[in-house]
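Student: Before I ask anything, let me first share the structure, which is written out below as structure tokens.
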Number of protein chains: 2
Amino acid sequence: MGNEDSYVALGLKAWKAQIDRADKLFGTLSSEEVLREIAPGRNRLLYLWGHLTAIHDAMLPLLGLRERLHPELDVAFVSNPDKSRADIPSHVEVRQAWNNVNDELSRGFARMSWPDWLQRHSAVSAEDFAKDTSRNRFAILLSRTNHLSYHLGQAVLGRK
Amino acid sequence: MGNEDSYVALGLKAWKAQIDRADKLFGTLSSEEVLREIAPGRNRLLYLWGHLTAIHDAMLPLLGLRERLHPELDVAFVSNPDKSRADIPSHVEVRQAWNNVNDELSRGFARMSWPDWLQRHSAVSAEDFAKDTSRNRFAILLSRTNHLSYHLGQAVLGRK
């Protein structure tokens, strides 16, 4: 394994560690528990879970892997705050989407070799990337891992 | 810049982004605000700030940079839960320590080249490292960046 592969493996290991924590935290909640707020008047656990699922789903095209699986999640969990809409996806739907999206990412990561990770992500133009090559796919992996950690720190407050 | 340097630069950029968020969030609090709980009955902002400072301080020897600057923080912010002791460091002391520690880390990072980051960290033996080379300094950087994000997600709940 070359040195570049070592860095990629470390980034993927950090991602996987946070995904495993999220699986344990959200995956064991009942349909009543998932509607609990993380603190009085704050987001519900289901909202955080759906939000993370939507953001991870958007990583699929961002990393050049494929089109999104669940773009319909954005209206409930990204563009609008929690408790602003009555018709949000159910506990079962969010759990299913969470699993689908992370499995698909995992399969995509397995197909990527280290030079792929240093390529531009799809939200930056070739011209802008030429000026700043740090706007690449590995940067997306690190920032989304931190985004997951950020919301896990909140979600843990909503457990019994 | 070689490819290995690119990965290290991305890891450091992610660290710096979270440090900047923490500087903004904690650095602008008054001495009253810093005693606010993130949610009823939960940790106070000062506790989270002191906790992060202690964990970052411990990175100095872990990364082979130098001995700790503020080992005295552990009793108040790591080994014991919040509100279990009357005599914890003050707002001014924590702010000073936070700045000292992160400045020292920043100087240390500037002296490290990519092969240093793939060396074992000081909490793993040479024998164990030979069996699992992922227990290196870059892994510490990524995991401490996620640890910072995790508590930032909580700290943001304590703002007005």
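Convention: chains lettered A, B, ... in structure tokens order; per-chain residue numbering from 1; ligands numbered from 1 as shown.
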Mind checking which residues fall within 9 Å of stretch 96-107 of chain A, counting only C-alpha atoms, ignoring those fewer than 2 positions away in the same chain, and posting them as a PDB file with C-alpha atoms, in the first residue's frame?
Tutor:
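The resulting file, part39.pdb, is shown below:
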ATOM      1  CA  LYS A  16     -16.856   4.590   9.213  1.00  0.00           C
ATOM      2  CA  ILE A  19     -21.333   6.071  10.785  1.00  0.00           C
ATOM      3  CA  ASP A  23     -26.147   3.506  13.440  1.00  0.00           C
ATOM      4  CA  TRP A  49     -31.433  11.719  11.253  1.00  0.00           C
ATOM      5  CA  GLY A  50     -33.279  12.820   8.112  1.00  0.00           C
ATOM      6  CA  LEU A  52     -27.867  13.630   7.901  1.00  0.00           C
ATOM      7  CA  THR A  53     -29.419  11.206   5.398  1.00  0.00           C
ATOM      8  CA  ALA A  54     -30.154  14.023   2.935  1.00  0.00           C
ATOM      9  CA  HIS A  56     -25.066  12.044   2.764  1.00  0.00           C
ATOM     10  CA  ASP A  57     -27.334  11.377  -0.233  1.00  0.00           C
ATOM     11  CA  MET A  59     -22.493  13.229  -1.487  1.00  0.00           C
ATOM     12  CA  LEU A  60     -23.238  10.647  -4.205  1.00  0.00           C
ATOM     13  CA  LEU A  65     -20.559   8.278  -7.869  1.00  0.00           C
ATOM     14  CA  ARG A  68     -29.107  11.010  -5.739  1.00  0.00           C
ATOM     15  CA  LEU A  69     -31.246   8.214  -4.310  1.00  0.00           C
ATOM     16  CA  HIS A  70     -33.493  10.409  -2.131  1.00  0.00           C
ATOM     17  CA  HIS A  91     -39.397   6.902  10.987  1.00  0.00           C
ATOM     18  CA  VAL A  92     -39.436   3.787   8.779  1.00  0.00           C
ATOM     19  CA  GLU A  93     -38.785   5.807   5.619  1.00  0.00           C
ATOM     20  CA  VAL A  94     -35.862   7.706   7.151  1.00  0.00           C
ATOM     21  CA  PHE A 109     -15.849   4.413  -1.794  1.00  0.00           C
ATOM     22  CA  ALA A 110     -14.674   0.853  -2.465  1.00  0.00           C
ATOM     23  CA  ARG A 111     -14.441   1.657  -6.184  1.00  0.00           C
TER      24      ARG A 111
END
Student: Based on only C-alpha atoms, which of the residues in chain A come within 6 Å of chain B? I want them as a PyMOL selection string.
Tutor: chain A and resi 4+39+146+149-151+153-154
Student: Tell me, in Å to one decimal, how far atom CA of A:Asp128 is from atom CA of A:Asp74.
Tutor: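 Atom-to-atom, atom CA of A:Asp128 and atom CA of A:Asp74 are spaced 26.6 Å apart.
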Student: Would you pick out the contacts of A:Ala86 at 12 Å or less, using only C-alpha atoms, so that residues sharing its chain but fewer than 6 positions from it are not included, and give the list as JSON, numbers by chain?
Tutor: {"A": [75, 76, 80]}
Student: Let's see if you can do this: from backbone DSSP, list all strand (DSSP E or B) residues in chain B, as a ChimeraX atom specification.
Tutor: /B:37,44,120,136
Student: Quick one: pull the distance between atom CA of B:Leu73 and atom CA of B:Ala58, Å, one decimal.
Tutor: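 Separation between atom CA of B:Leu73 and atom CA of B:Ala58: 10.2 Å.
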Student: Between atom CA of A:Glu33 and atom CA of A:Arg159, what is the spacing in Å?
Tutor: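 Taking atom CA of A:Arg159 and atom CA of A:Glu33, their separation equals 7.8 Å.
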